[in-house]
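*Asks:* My structure is stored as coords.cif, with mmCIF, C-alpha atoms.
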```cif
data_model
#
loop_
_atom_site.label_atom_id
_atom_site.label_comp_id
_atom_site.auth_asym_id
_atom_site.auth_seq_id
_atom_site.Cartn_x
_atom_site.Cartn_y
_atom_site.Cartn_z
CA MET A 947 0.00 0.00 0.00
CA LYS A 948 1.33 3.41 -0.98
CA ILE A 949 0.52 6.34 1.31
CA VAL A 950 1.49 9.93 0.52
CA LEU A 951 1.46 12.36 3.45
CA ILE A 952 1.42 15.97 2.24
CA GLY A 953 2.39 18.42 4.97
CA ALA A 954 4.67 15.91 6.67
CA GLY A 955 6.57 18.76 8.34
CA SER A 956 3.77 18.66 10.90
CA ALA A 957 6.02 16.31 12.82
CA MET A 958 3.59 15.36 15.60
CA PHE A 959 1.03 14.23 13.03
CA THR A 960 3.62 12.31 11.01
CA VAL A 961 5.07 10.55 14.06
CA GLY A 962 1.57 9.51 15.16
CA VAL A 963 0.75 8.03 11.74
CA VAL A 964 4.08 6.20 11.52
CA SER A 965 3.70 4.80 15.03
CA ASP A 966 0.23 3.48 14.15
CA LEU A 967 1.50 1.97 10.88
CA ILE A 968 4.26 0.19 12.79
CA LYS A 969 1.82 -1.20 15.37
CA ALA A 970 -0.55 -2.30 12.60
CA GLY A 971 2.29 -4.14 10.83
CA LEU A 972 1.10 -2.83 7.46
CA ALA A 973 3.54 -3.25 4.58
CA THR A 974 3.65 0.30 3.32
CA GLU A 975 5.38 2.51 0.83
CA LEU A 976 5.28 5.85 2.66
CA ALA A 977 6.11 9.11 0.88
CA LEU A 978 6.56 12.26 2.95
CA VAL A 979 6.02 15.63 1.26
CA ASP A 980 6.68 19.13 2.54
CA ILE A 981 7.76 22.27 0.69
CA ASP A 982 9.96 23.29 3.65
CA PRO A 983 13.22 21.30 3.28
CA SER A 984 14.12 21.69 6.96
CA ALA A 985 10.72 20.46 8.18
CA LEU A 986 10.84 17.60 5.69
CA GLU A 987 14.30 16.61 6.94
CA THR A 988 12.98 16.46 10.50
CA ALA A 989 10.04 14.26 9.53
CA GLN A 990 12.15 12.03 7.26
CA LYS A 991 14.90 11.38 9.80
CA LEU A 992 12.45 10.73 12.64
CA THR A 993 10.49 8.32 10.47
CA ALA A 994 13.64 6.53 9.32
CA LYS A 995 14.73 6.06 12.93
CA MET A 996 11.33 4.69 13.89
CA ILE A 997 11.30 2.24 10.96
CA GLN A 998 14.82 1.04 11.72
CA ALA A 999 14.20 0.66 15.44
CA ARG A 1000 11.24 -1.66 14.83
CA ASN A 1001 12.45 -3.21 11.57
CA ALA A 1002 9.06 -2.20 10.17
CA PRO A 1003 7.98 -3.20 6.62
CA ILE A 1004 7.85 0.43 5.49
CA GLN A 1005 9.67 1.79 2.44
CA LEU A 1006 10.33 5.49 2.99
CA HIS A 1007 10.53 8.28 0.40
CA ALA A 1008 10.62 12.06 0.86
CA SER A 1009 10.26 14.94 -1.56
CA THR A 1010 9.54 18.65 -1.64
CA ASP A 1011 7.67 18.03 -4.93
CA ARG A 1012 4.47 16.05 -4.42
CA ARG A 1013 4.18 15.19 -8.12
CA GLN A 1014 7.35 13.11 -7.85
CA VAL A 1015 5.70 10.69 -5.41
CA LEU A 1016 1.94 10.88 -6.01
CA LYS A 1017 1.69 8.46 -8.91
CA GLY A 1018 0.14 5.20 -7.85
CA ALA A 1019 -0.77 6.37 -4.35
CA GLU A 1020 -3.63 4.44 -2.80
CA VAL A 1021 -4.01 6.87 0.12
CA VAL A 1022 -3.29 10.61 0.17
CA ILE A 1023 -3.43 12.53 3.46
CA THR A 1024 -3.15 16.32 3.64
CA THR A 1025 -2.23 18.19 6.79
CA ILE A 1026 -0.66 21.35 5.43
CA GLY A 1027 -0.58 24.76 7.07
CA VAL A 1028 0.34 27.49 4.57
CA GLY A 1029 2.71 29.88 6.33
CA GLY A 1030 3.03 27.65 9.40
CA ARG A 1031 2.77 28.91 12.95
CA ARG A 1032 4.23 32.33 12.11
CA ALA A 1033 1.38 33.09 9.69
CA TRP A 1034 -1.10 31.59 12.16
CA GLU A 1035 0.13 34.07 14.78
CA GLN A 1036 -0.75 36.99 12.50
CA ASP A 1037 -4.26 35.58 12.02
CA VAL A 1038 -4.78 35.94 15.78
CA TYR A 1039 -2.59 38.89 16.79
CA ILE A 1040 -3.80 41.33 14.12
CA PRO A 1041 -7.50 40.92 15.06
CA ARG A 1042 -6.56 41.50 18.71
CA LYS A 1043 -5.78 45.10 17.80
CA TYR A 1044 -9.45 45.40 16.86
CA GLY A 1045 -10.68 43.93 20.15
CA ILE A 1046 -11.18 40.38 18.83
CA SER A 1047 -9.68 37.64 21.00
CA MET A 1048 -9.65 34.12 19.56
CA PRO A 1049 -8.49 30.98 21.37
CA VAL A 1050 -7.72 29.10 18.13
CA GLY A 1051 -8.21 31.23 15.03
CA ASP A 1052 -7.97 28.41 12.48
CA THR A 1053 -11.64 27.73 11.68
CA ALA A 1054 -13.97 30.65 12.39
CA GLY A 1055 -13.55 34.33 13.20
CA PRO A 1056 -11.20 36.64 11.28
CA GLY A 1057 -8.41 34.11 11.91
CA GLY A 1058 -10.22 31.26 10.21
CA THR A 1059 -11.34 33.54 7.38
CA SER A 1060 -7.79 34.76 6.80
CA ARG A 1061 -6.39 31.24 6.97
CA ALA A 1062 -8.90 30.10 4.34
CA LEU A 1063 -7.50 32.61 1.84
CA ARG A 1064 -4.07 30.97 2.10
CA MET A 1065 -5.22 27.39 2.36
CA ILE A 1066 -7.81 27.09 -0.38
CA PRO A 1067 -5.66 27.84 -3.47
CA ALA A 1068 -2.93 25.49 -2.22
CA MET A 1069 -5.40 22.69 -1.46
CA VAL A 1070 -7.11 23.04 -4.83
CA GLU A 1071 -3.74 22.64 -6.58
CA ILE A 1072 -2.99 19.55 -4.49
CA ALA A 1073 -6.40 18.10 -5.38
CA ARG A 1074 -5.74 18.64 -9.09
CA ASP A 1075 -2.45 16.77 -8.80
CA VAL A 1076 -4.18 13.94 -6.92
CA LEU A 1077 -6.79 13.65 -9.69
CA ASP A 1078 -4.02 13.66 -12.29
CA LEU A 1079 -1.63 11.16 -10.68
CA ALA A 1080 -3.68 9.14 -8.15
CA PRO A 1081 -7.33 9.49 -9.20
CA ASP A 1082 -8.46 6.30 -7.45
CA SER A 1083 -6.80 7.05 -4.11
CA LEU A 1084 -8.53 7.54 -0.78
CA PHE A 1085 -8.12 11.29 -0.26
CA PHE A 1086 -8.24 12.45 3.37
CA ASN A 1087 -7.86 16.02 4.61
CA TYR A 1088 -7.03 17.21 8.13
CA ALA A 1089 -6.17 20.82 7.26
CA ASN A 1090 -8.27 23.68 8.65
CA PRO A 1091 -10.54 25.46 8.09
CA MET A 1092 -12.13 22.13 7.24
CA ALA A 1093 -15.46 23.15 5.72
CA PRO A 1094 -14.08 25.88 3.40
CA VAL A 1095 -11.15 23.69 2.29
CA CYS A 1096 -13.32 20.66 1.49
CA THR A 1097 -16.00 22.86 -0.13
CA ALA A 1098 -13.44 24.56 -2.37
CA VAL A 1099 -11.87 21.26 -3.44
CA HIS A 1100 -15.25 19.70 -4.29
CA LYS A 1101 -16.40 22.87 -6.06
CA ALA A 1102 -13.23 23.57 -8.05
CA THR A 1103 -12.03 20.05 -8.85
CA GLY A 1104 -14.64 17.45 -7.99
CA ALA A 1105 -11.99 15.43 -6.14
CA PRO A 1106 -13.59 13.05 -3.61
CA MET A 1107 -11.94 14.59 -0.56
CA VAL A 1108 -13.03 13.34 2.86
CA GLY A 1109 -12.43 15.64 5.82
CA LEU A 1110 -11.46 13.97 9.07
CA CYS A 1111 -11.34 15.43 12.58
CA ILE A 1112 -11.12 13.77 15.99
CA GLY A 1113 -13.10 16.50 17.79
CA THR A 1114 -16.61 15.02 17.63
CA TRP A 1115 -15.40 11.58 18.71
CA GLU A 1116 -13.63 13.22 21.68
CA THR A 1117 -16.81 15.13 22.56
CA VAL A 1118 -18.91 11.95 22.59
CA HIS A 1119 -16.27 10.50 24.91
CA TYR A 1120 -16.61 13.62 27.10
CA LEU A 1121 -20.39 13.14 27.29
CA ALA A 1122 -19.93 9.48 28.19
CA GLU A 1123 -17.70 10.56 31.09
CA ALA A 1124 -20.34 13.06 32.23
CA LEU A 1125 -22.89 10.23 32.19
CA GLU A 1126 -20.38 7.84 33.81
CA VAL A 1127 -20.95 5.22 31.12
CA ASP A 1128 -18.93 3.51 28.40
CA GLN A 1129 -18.70 5.50 25.16
CA ASP A 1130 -19.36 2.37 23.10
CA ASP A 1131 -22.78 2.07 24.75
CA LEU A 1132 -23.94 5.48 23.44
CA ALA A 1133 -25.94 6.08 20.26
CA CYS A 1134 -26.04 9.67 19.04
CA ASN A 1135 -27.67 11.81 16.35
CA VAL A 1136 -24.96 14.10 14.99
CA GLY A 1137 -24.75 16.80 12.31
CA GLY A 1138 -23.23 20.20 11.69
CA ILE A 1139 -20.17 22.00 10.41
CA ASN A 1140 -16.70 21.00 11.57
CA HIS A 1141 -15.99 22.53 15.00
CA LEU A 1142 -19.68 23.33 15.43
CA THR A 1143 -21.21 19.87 15.13
CA TRP A 1144 -24.45 19.34 17.04
CA ILE A 1145 -25.16 16.19 19.05
CA SER A 1146 -28.93 16.38 19.27
CA GLU A 1147 -29.78 12.92 20.61
CA VAL A 1148 -27.89 10.69 23.05
CA TYR A 1149 -29.15 7.25 24.00
CA HIS A 1150 -27.52 4.92 26.49
CA GLN A 1151 -28.50 1.30 25.98
CA GLY A 1152 -31.74 2.43 24.38
CA GLN A 1153 -32.67 4.99 27.06
CA ASP A 1154 -32.79 8.75 26.36
CA ALA A 1155 -29.79 10.28 28.16
CA MET A 1156 -30.61 13.91 27.35
CA PRO A 1157 -32.48 14.58 30.64
CA LYS A 1158 -29.36 13.56 32.61
CA LEU A 1159 -27.12 15.64 30.36
CA LYS A 1160 -29.35 18.68 30.86
CA GLU A 1161 -29.12 18.22 34.63
CA HIS A 1162 -25.34 18.22 34.23
CA ALA A 1163 -25.64 21.33 32.03
CA ARG A 1164 -27.51 23.29 34.69
CA ARG A 1165 -24.87 22.35 37.28
CA ALA A 1166 -21.94 23.23 34.99
CA VAL A 1167 -23.39 26.60 34.00
CA GLY A 1168 -24.34 27.42 37.58
CA GLU A 1169 -20.90 26.54 38.94
CA ALA A 1170 -19.17 28.72 36.36
CA GLN A 1171 -21.45 31.66 37.11
CA ARG A 1172 -20.97 31.26 40.87
CA ALA A 1173 -17.19 31.18 40.42
CA VAL A 1174 -17.33 34.49 38.54
CA GLU A 1175 -19.63 36.06 41.15
CA GLN A 1176 -17.44 34.93 44.05
CA ALA A 1177 -14.32 36.23 42.34
CA ALA A 1178 -16.01 39.60 41.78
CA LYS A 1179 -16.73 39.78 45.54
CA GLY A 1180 -13.19 38.79 46.38
CA ASP A 1181 -14.34 35.56 48.03
CA ALA A 1182 -12.31 33.27 45.75
CA ALA A 1183 -10.16 33.28 42.67
CA ILE A 1184 -11.46 32.05 39.32
CA PRO A 1185 -9.98 28.60 38.61
CA HIS A 1186 -6.82 28.50 36.55
CA CYS A 1187 -5.90 25.83 34.03
CA GLY A 1188 -2.27 25.43 33.04
CA SER A 1189 -2.98 23.79 29.67
CA PRO A 1190 -3.78 25.95 26.62
CA PHE A 1191 -6.02 23.15 25.31
CA GLU A 1192 -8.18 22.57 28.40
CA SER A 1193 -10.83 24.62 30.20
CA SER A 1194 -10.61 26.05 33.71
CA PHE A 1195 -14.33 25.29 33.96
CA ASP A 1196 -16.48 22.39 32.74
CA HIS A 1197 -16.99 23.96 29.28
CA PRO A 1198 -19.96 26.04 30.51
CA PHE A 1199 -20.78 27.61 27.15
CA SER A 1200 -21.18 24.24 25.46
CA TRP A 1201 -23.45 23.13 28.30
CA GLN A 1202 -25.38 26.40 27.98
CA CYS A 1203 -25.82 25.67 24.27
CA LEU A 1204 -27.43 22.34 25.19
CA LEU A 1205 -30.05 24.23 27.21
CA TRP A 1206 -30.56 26.87 24.49
CA PHE A 1207 -30.43 24.77 21.33
CA ASP A 1208 -31.52 21.35 22.61
CA ALA A 1209 -28.25 19.98 21.23
CA PHE A 1210 -24.68 19.77 22.49
CA PRO A 1211 -21.89 21.27 20.33
CA ALA A 1212 -18.63 19.53 19.50
CA PRO A 1213 -15.75 20.02 20.11
CA LEU A 1214 -16.35 22.07 23.29
CA ASP A 1215 -15.68 25.66 24.27
CA ARG A 1216 -12.21 26.26 22.78
CA HIS A 1217 -13.62 26.04 19.25
CA VAL A 1218 -17.35 26.55 19.76
CA THR A 1219 -17.03 30.02 21.31
CA GLU A 1220 -15.53 31.33 18.06
CA PHE A 1221 -18.82 30.64 16.26
CA PHE A 1222 -20.74 32.94 18.64
CA PRO A 1223 -18.65 36.15 18.82
CA GLN A 1224 -21.67 38.22 19.88
CA PHE A 1225 -21.45 36.61 23.33
CA PHE A 1226 -17.71 37.14 23.80
CA ARG A 1227 -16.95 40.74 22.87
CA ASP A 1228 -13.35 41.63 23.73
CA GLY A 1229 -12.86 37.95 24.48
CA ARG A 1230 -14.76 38.05 27.78
CA TYR A 1231 -15.42 34.50 28.97
CA TYR A 1232 -16.61 33.78 32.51
CA GLY A 1233 -14.25 36.31 34.07
CA LYS A 1234 -11.35 35.45 31.77
CA THR A 1235 -10.19 36.37 28.28
CA LEU A 1236 -10.34 33.86 25.46
CA GLY A 1237 -6.97 33.17 23.90
CA VAL A 1238 -5.13 34.97 26.71
CA ASP A 1239 -5.69 33.45 30.16
CA GLU A 1240 -8.20 30.85 28.97
CA PHE A 1241 -7.22 28.54 26.11
CA SER A 1242 -4.04 30.58 25.76
CA PHE A 1243 -3.11 31.04 22.11
CA GLU A 1244 0.45 31.93 23.06
CA GLY A 1245 0.53 28.70 25.03
CA THR A 1246 -0.61 26.73 21.98
CA ILE A 1247 2.11 28.28 19.83
CA GLN A 1248 4.73 27.75 22.53
CA VAL A 1249 3.83 24.07 22.87
CA GLY A 1250 3.98 23.61 19.10
CA ASP A 1251 7.36 25.33 18.79
CA GLN A 1252 8.77 23.44 21.75
CA VAL A 1253 7.60 20.02 20.59
CA TYR A 1254 8.91 20.63 17.08
CA ALA A 1255 12.30 21.78 18.44
CA GLU A 1256 12.55 18.63 20.57
CA MET A 1257 11.61 16.43 17.63
CA ARG A 1258 14.16 18.12 15.38
CA ALA A 1259 16.86 17.60 18.00
CA ASP A 1260 15.90 13.93 18.24
CA ALA A 1261 15.87 13.61 14.45
CA LEU A 1262 19.39 15.02 14.07
CA SER A 1263 20.84 13.29 17.14
CA PRO A 1264 22.89 10.10 16.68
CA ASP A 1265 21.10 8.64 19.72
CA PRO A 1266 18.17 6.21 19.31
CA LEU A 1267 14.64 7.46 19.89
CA THR A 1268 12.92 7.00 23.24
CA GLU A 1269 10.02 4.60 23.65
CA ALA A 1270 7.65 7.59 23.77
CA TYR A 1271 7.80 7.75 19.97
CA PHE A 1272 6.31 4.28 19.63
CA GLY A 1273 3.28 4.60 21.92
CA ARG A 1274 -0.28 5.50 21.01
CA HIS A 1275 -0.29 9.20 20.15
CA GLY A 1276 -3.40 11.23 20.84
CA GLY A 1277 -4.36 13.89 18.33
CA GLU A 1278 -5.94 14.42 14.94
CA GLN A 1279 -4.13 11.54 13.24
CA GLU A 1280 -5.06 8.82 15.69
CA GLN A 1281 -7.93 7.26 13.69
CA VAL A 1282 -6.67 7.48 10.11
CA VAL A 1283 -4.75 4.19 10.11
CA ASP A 1284 -7.76 2.45 11.68
CA ILE A 1285 -9.96 3.91 8.92
CA ILE A 1286 -7.56 2.74 6.20
CA ARG A 1287 -7.44 -0.78 7.68
CA ALA A 1288 -11.24 -0.92 7.96
CA ILE A 1289 -11.59 0.01 4.28
CA LEU A 1290 -8.91 -2.47 3.17
CA ASN A 1291 -10.61 -5.26 5.16
CA ASN A 1292 -14.17 -4.30 4.16
CA GLN A 1293 -15.10 -3.72 7.80
CA GLN A 1294 -18.15 -1.65 8.64
CA LYS A 1295 -17.05 0.76 11.35
CA VAL A 1296 -18.47 4.15 12.24
CA TYR A 1297 -16.32 7.30 12.43
CA TYR A 1298 -17.07 11.00 11.84
CA ALA A 1299 -16.40 12.54 8.44
CA ASN A 1300 -16.90 15.80 6.55
CA LEU A 1301 -18.70 15.16 3.26
CA PRO A 1302 -21.15 17.02 1.00
CA ASN A 1303 -24.73 16.84 2.26
CA THR A 1304 -26.67 14.59 -0.08
CA GLY A 1305 -29.56 14.37 2.35
CA GLN A 1306 -27.94 12.78 5.39
CA VAL A 1307 -29.27 15.76 7.41
CA SER A 1308 -32.48 16.81 5.71
CA ASN A 1309 -32.84 20.28 7.24
CA LEU A 1310 -29.33 21.41 6.28
CA PRO A 1311 -28.71 22.74 2.75
CA ARG A 1312 -27.95 20.21 0.04
CA GLY A 1313 -24.38 20.22 -1.22
CA VAL A 1314 -22.74 21.95 1.75
CA VAL A 1315 -19.96 20.06 3.51
CA ILE A 1316 -21.21 18.78 6.85
CA GLU A 1317 -19.84 16.57 9.61
CA THR A 1318 -21.83 13.44 10.45
CA PRO A 1319 -21.22 9.81 11.34
CA ALA A 1320 -19.88 7.80 8.40
CA VAL A 1321 -19.38 4.08 7.86
CA THR A 1322 -16.47 2.31 6.21
CA ASP A 1323 -16.52 -0.56 3.72
CA CYS A 1324 -14.38 -1.70 0.80
CA ARG A 1325 -15.62 1.23 -1.30
CA GLY A 1326 -14.47 3.90 1.15
CA ILE A 1327 -16.28 5.91 3.81
CA HIS A 1328 -19.90 7.01 3.44
CA ALA A 1329 -22.16 9.35 5.38
CA VAL A 1330 -24.85 7.81 7.57
CA GLN A 1331 -28.42 9.15 7.53
CA GLN A 1332 -29.28 11.25 10.60
CA LYS A 1333 -32.48 12.77 11.93
CA PRO A 1334 -33.09 16.50 11.29
CA LEU A 1335 -31.42 18.84 13.76
CA PRO A 1336 -33.50 20.95 16.16
CA GLY A 1337 -34.58 24.15 14.43
CA ALA A 1338 -32.42 26.50 16.47
CA ALA A 1339 -29.32 24.33 16.03
CA ALA A 1340 -29.87 24.23 12.26
CA GLY A 1341 -30.50 27.98 12.29
CA ALA A 1342 -27.19 28.66 14.02
CA LEU A 1343 -25.48 27.00 11.04
CA ALA A 1344 -27.32 28.89 8.30
CA SER A 1345 -25.09 31.96 8.18
CA ARG A 1346 -22.02 29.72 8.57
CA PHE A 1347 -22.74 27.93 5.32
CA ALA A 1348 -23.16 31.32 3.63
CA TRP A 1349 -19.82 32.38 5.13
CA VAL A 1350 -18.17 29.22 3.75
CA GLU A 1351 -19.44 29.90 0.24
CA THR A 1352 -18.32 33.52 0.40
CA VAL A 1353 -14.81 32.85 1.70
CA VAL A 1354 -14.37 30.07 -0.88
CA GLU A 1355 -15.30 32.50 -3.64
CA ALA A 1356 -12.96 35.13 -2.17
CA ALA A 1357 -10.04 32.69 -2.18
CA LEU A 1358 -10.70 31.22 -5.63
CA GLU A 1359 -11.32 34.60 -7.26
CA GLY A 1360 -8.74 36.63 -5.32
CA SER A 1361 -11.53 39.01 -4.33
CA ARG A 1362 -10.91 41.60 -1.62
CA ASP A 1363 -14.60 42.54 -1.67
CA LYS A 1364 -15.69 38.98 -0.95
CA PHE A 1365 -13.09 38.67 1.79
CA ILE A 1366 -14.68 41.71 3.42
CA GLN A 1367 -18.14 40.17 2.92
CA ALA A 1368 -16.98 36.98 4.61
CA LEU A 1369 -15.66 38.93 7.61
CA ILE A 1370 -19.03 40.70 7.85
CA LEU A 1371 -20.92 37.40 7.72
CA ASP A 1372 -18.63 35.95 10.39
CA GLY A 1373 -19.86 38.61 12.81
CA ALA A 1374 -16.80 39.11 15.00
CA VAL A 1375 -15.84 42.59 13.76
CA GLY A 1376 -17.72 45.42 15.45
CA SER A 1377 -17.94 48.06 12.69
CA LEU A 1378 -17.82 48.40 8.91
CA ASP A 1379 -14.83 50.73 9.15
CA ALA A 1380 -12.94 48.19 11.25
CA VAL A 1381 -13.79 45.28 8.95
CA VAL A 1382 -12.23 47.04 5.94
CA LYS A 1383 -9.09 48.01 7.84
CA LEU A 1384 -8.74 44.52 9.31
CA ALA A 1385 -9.19 42.88 5.90
CA ASP A 1386 -6.49 45.04 4.35
CA GLU A 1387 -4.07 44.55 7.24
CA LEU A 1388 -4.45 40.77 7.09
CA MET A 1389 -3.96 40.74 3.33
CA VAL A 1390 -0.81 42.85 3.59
CA ALA A 1391 0.58 40.63 6.35
CA HIS A 1392 0.03 37.52 4.22
CA LYS A 1393 0.66 38.96 0.76
CA VAL A 1394 3.45 36.46 0.01
CA TYR A 1395 0.85 33.66 0.39
CA LEU A 1396 -1.90 35.44 -1.60
CA PRO A 1397 -0.57 35.71 -5.18
CA SER A 1398 -4.08 35.83 -6.68
CA PHE A 1399 -4.93 39.02 -4.73
CA ARG A 1400 -3.87 42.27 -6.36
#
```
Taking this structure as input, can you express it in the form of structure tokens?

*Replies:*
Amino acid sequence: MKIVLIGAGSAMFTVGVVSDLIKAGLATELALVDIDPSALETAQKLTAKMIQARNAPIQLHASTDRRQVLKGAEVVITTIGVGGRRAWEQDVYIPRKYGISMPVGDTAGPGGTSRALRMIPAMVEIARDVLDLAPDSLFFNYANPMAPVCTAVHKATGAPMVGLCIGTWETVHYLAEALEVDQDDLACNVGGINHLTWISEVYHQGQDAMPKLKEHARRAVGEAQRAVEQAAKGDAAIPHCGSPFESSFDHPFSWQCLLWFDAFPAPLDRHVTEFFPQFFRDGRYYGKTLGVDEFSFEGTIQVGDQVYAEMRADALSPDPLTEAYFGRHGGEQEQVVDIIRAILNNQQKVYYANLPNTGQVSNLPRGVVIETPAVTDCRGIHAVQQKPLPGAAAGALASRFAWVETVVEAALEGSRDKFIQALILDGAVGSLDAVVKLADELMVAHKVYLPSFR
């Protein structure tokens, strides 16, 4: 089996995939691709060390030119980030000057909109090469913003891209923990847009679990509000969380959404809050500031830089790798090898996938890319029919699908006007004057990555 990993310089992702391939014992021809020679060297040398240490049946290739290795690929996985972490920083730091604080900035908000302008043209070109050189391959994408990227690829090329994300699976696991039950015993109705995917029904062994979840919601929201009130009186400090990826609270906004929308949003507050900027002006979040002292963006960047530096040192060192490289790695990549094996073995297993809506959620627009359960078999991975979403939950997505279409058109056409329209539809910017200035400042900051914009 030939697998091509495009964006292999994302070393954590690559190491996780290689570790899973080694554990699976799959005979693989693995080609790593990255346009950054230094990042590619890191990924290539780490992978070579891992293969040698386990005498794994993996033939390794590496190239900065994807066309050199794509021919004959049976699986293509994309995890690129145009401009890397330095460009990502500008997506978040520039909007801060306009009073917009984002904890992630890679999917929604001005950060996600700006990122889409860089990502879409690059992903469309990759898709065209895949169609040219590996038209029958399984084509998986992990790059954000997921919905705009997948929409643009389907619209511009027709390539059968499948978007994968671990967030909804992790959220179902989170709900199982709240219910104190085994995740495998839950049955859920799921549909939405990546990073705002609604879980509108939860059954545990055939019994409706929503009443229990709503009891938990009222407790979680109440505890967060009481913590803020006590801190304001000086009675206690607001809880602090040291991790940039975790919450100091029990994700109170997501629980509040369950009470408002009759559905629970995946993948919890760090991403979900960015879809509702009207509630978090200036980043205010239960006595904290999003992206600053709650879900710290600087912390996210620091962790990424630190982990990459450690991996590069290990790659270039003559010493063998530690056992940590060969364990089960959590993160976005952790299901892709399982999905590939299920397809190869014609196993029917359920995952979550981003695919065009052909009716799997009847009250969401046809043709838009949505995230739902999907089942594997020897033909690939296919969306599973779901019940309609509650009206309010579907309504919260309506303007998001319009935003996706607008930002896709902006990126494909190189249109400043449509970029501004997309920022307006997103809703995070407080005035028309600010939205124009912010759009221009972001385009100037990223001009090297936006050749189609004049």

*Asks:* If the PyMOL selection byres ((chain A and resi 1073) around 9) were run on this exact file, what residues would it hold? Put them as a ChimeraX atom specification.

*Replies:* /A:1068-1072,1074-1078,1085,1099,1103-1107

*Asks:* Contacts between range 1271-1295 of chain A and range 954-1070 of chain A, please, where a residue of range 954-1070 of chain A counts if it comes within 6 Å (with all atoms listed in the file); show its shortest atom pair and distance in Å to one decimal, rows by chain and ascending number, as a tab-separated table.

*Replies:*
```
residue	atom	partner	partner_atom	distance
A:Phe959	CA	A:Gln1279	CA	5.8
A:Gly962	CA	A:His1275	CA	5.3
A:Ser965	CA	A:Phe1272	CA	5.3
```

*Asks:* Would you compute the distance between CA of Leu1358 in chain A and CA of Asp1386 in chain A? Give it in Å to one decimal.

*Replies:*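 One can read the CA of Leu1358 in chain A to CA of Asp1386 in chain A distance as 17.6 Å.
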
*Asks:* If you apply the PyMOL selection byres ((chain A and resi 952) around 8) to this file, what residues do you get, as a PDB file with C-alpha atoms, in the frame of the given file?

*Replies:*
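Produced file expr04.pdb, reproduced below:
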```
ATOM      1  CA  VAL A 950       1.490   9.930   0.520  1.00  0.00           C
ATOM      2  CA  LEU A 951       1.460  12.360   3.450  1.00  0.00           C
ATOM      3  CA  GLY A 953       2.390  18.420   4.970  1.00  0.00           C
ATOM      4  CA  ALA A 954       4.670  15.910   6.670  1.00  0.00           C
ATOM      5  CA  LEU A 978       6.560  12.260   2.950  1.00  0.00           C
ATOM      6  CA  VAL A 979       6.020  15.630   1.260  1.00  0.00           C
ATOM      7  CA  ASP A 980       6.680  19.130   2.540  1.00  0.00           C
ATOM      8  CA  ARG A1012       4.470  16.050  -4.420  1.00  0.00           C
ATOM      9  CA  VAL A1022      -3.290  10.610   0.170  1.00  0.00           C
ATOM     10  CA  ILE A1023      -3.430  12.530   3.460  1.00  0.00           C
ATOM     11  CA  THR A1024      -3.150  16.320   3.640  1.00  0.00           C
ATOM     12  CA  THR A1025      -2.230  18.190   6.790  1.00  0.00           C
ATOM     13  CA  ILE A1026      -0.660  21.350   5.430  1.00  0.00           C
TER      14      ILE A1026
END
```

*Asks:* Distance CA of Pro1190 in chain A-CA of Glu1175 in chain A, one decimal place?

*Replies:* 23.8 Å

*Asks:* For Leu976 in chain A, which residue out of A:Lys1234, A:Lys1017, A:His1007, A:Arg1346 is the nearest one, using all atoms listed in the file?

*Replies:*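 Closest to Leu976 in chain A, using all atoms listed in the file: A:His1007.
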
*Asks:* Between A:Ala970, A:Leu1016, A:Ala1357, A:Val1381, which one has atoms that come closest to Tyr1395 in chain A, using all atoms listed in the file?

*Replies:* A:Ala1357

*Asks:* Which is closer to Pro1157 in chain A than all the others in A:Asp1181, A:Leu1371, A:Gly1137, A:Leu1205, using all atoms listed in the file?

*Replies:*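 The answer is A:Leu1205, which sits nearest to Pro1157 in chain A.
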
*Asks:* Quick one: distance from CA of Met947 in chain A to CA of Val1296 in chain A in Å, one decimal?

*Replies:*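 Taking CA of Met947 in chain A and CA of Val1296 in chain A, their separation equals 22.5 Å.
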
*Asks:* Smallest atom-to-atom distance to Ser956 in chain A: which of A:Thr974, A:Ser1146, A:Asn1140, A:Thr988, using only C-alpha atoms?

*Replies:*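 Ranking A:Thr974, A:Ser1146, A:Asn1140, A:Thr988 by distance to Ser956 in chain A, first place goes to A:Thr988.
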
*Asks:* Just checking: using all atoms listed in the file, which residue out of A:Ala1155, A:Val1350, A:Val1174, A:Val1218 ends up closest to Leu1236 in chain A?

*Replies:*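 With all atoms listed in the file as the atom set, the closest residue is A:Val1218.
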
*Asks:* Could you list the residues chosen by the PyMOL selection byres ((chain A and resi 1187) around 12) in this structure as a list in words?

*Replies:*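 For this structure, the PyMOL selection byres ((chain A and resi 1187) around 12) resolves to Ile1184, Pro1185, His1186, Gly1188, Ser1189, Pro1190, Phe1191, Glu1192, Ser1193, Ser1194, Phe1195, Asp1196, Lys1234, Val1238, Asp1239, Glu1240, Phe1241, Ser1242 and Gly1245 of chain A.
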
*Asks:* Nearest to Ala1062 in chain A among A:Phe1222, A:Leu1084, A:Asp1215, A:Met1092, with distances taken over all atoms listed in the file: which residue is it?

*Replies:*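 Comparing A:Phe1222, A:Leu1084, A:Asp1215, A:Met1092 against Ala1062 in chain A, the winner is A:Met1092.
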
*Asks:* Using only C-alpha atoms, which residues sit within 10 Å of range 1064-1067 of chain A once same-chain residues fewer than 2 positions away are excluded, as a PyMOL selection string?

*Replies:* chain A and resi 1026-1029+1033+1059-1062+1069-1073+1089-1092+1094-1099+1102+1353-1360+1389+1392-1398

*Asks:* Mind checking which residues fall within 7 Å of Gly1109 in chain A, counting all atoms listed in the file, ignoring those fewer than 2 positions away in the same chain, and posting them as number ranges by chain?

*Replies:* A: 1086-1088, 1092, 1096, 1107, 1111, 1299-1301
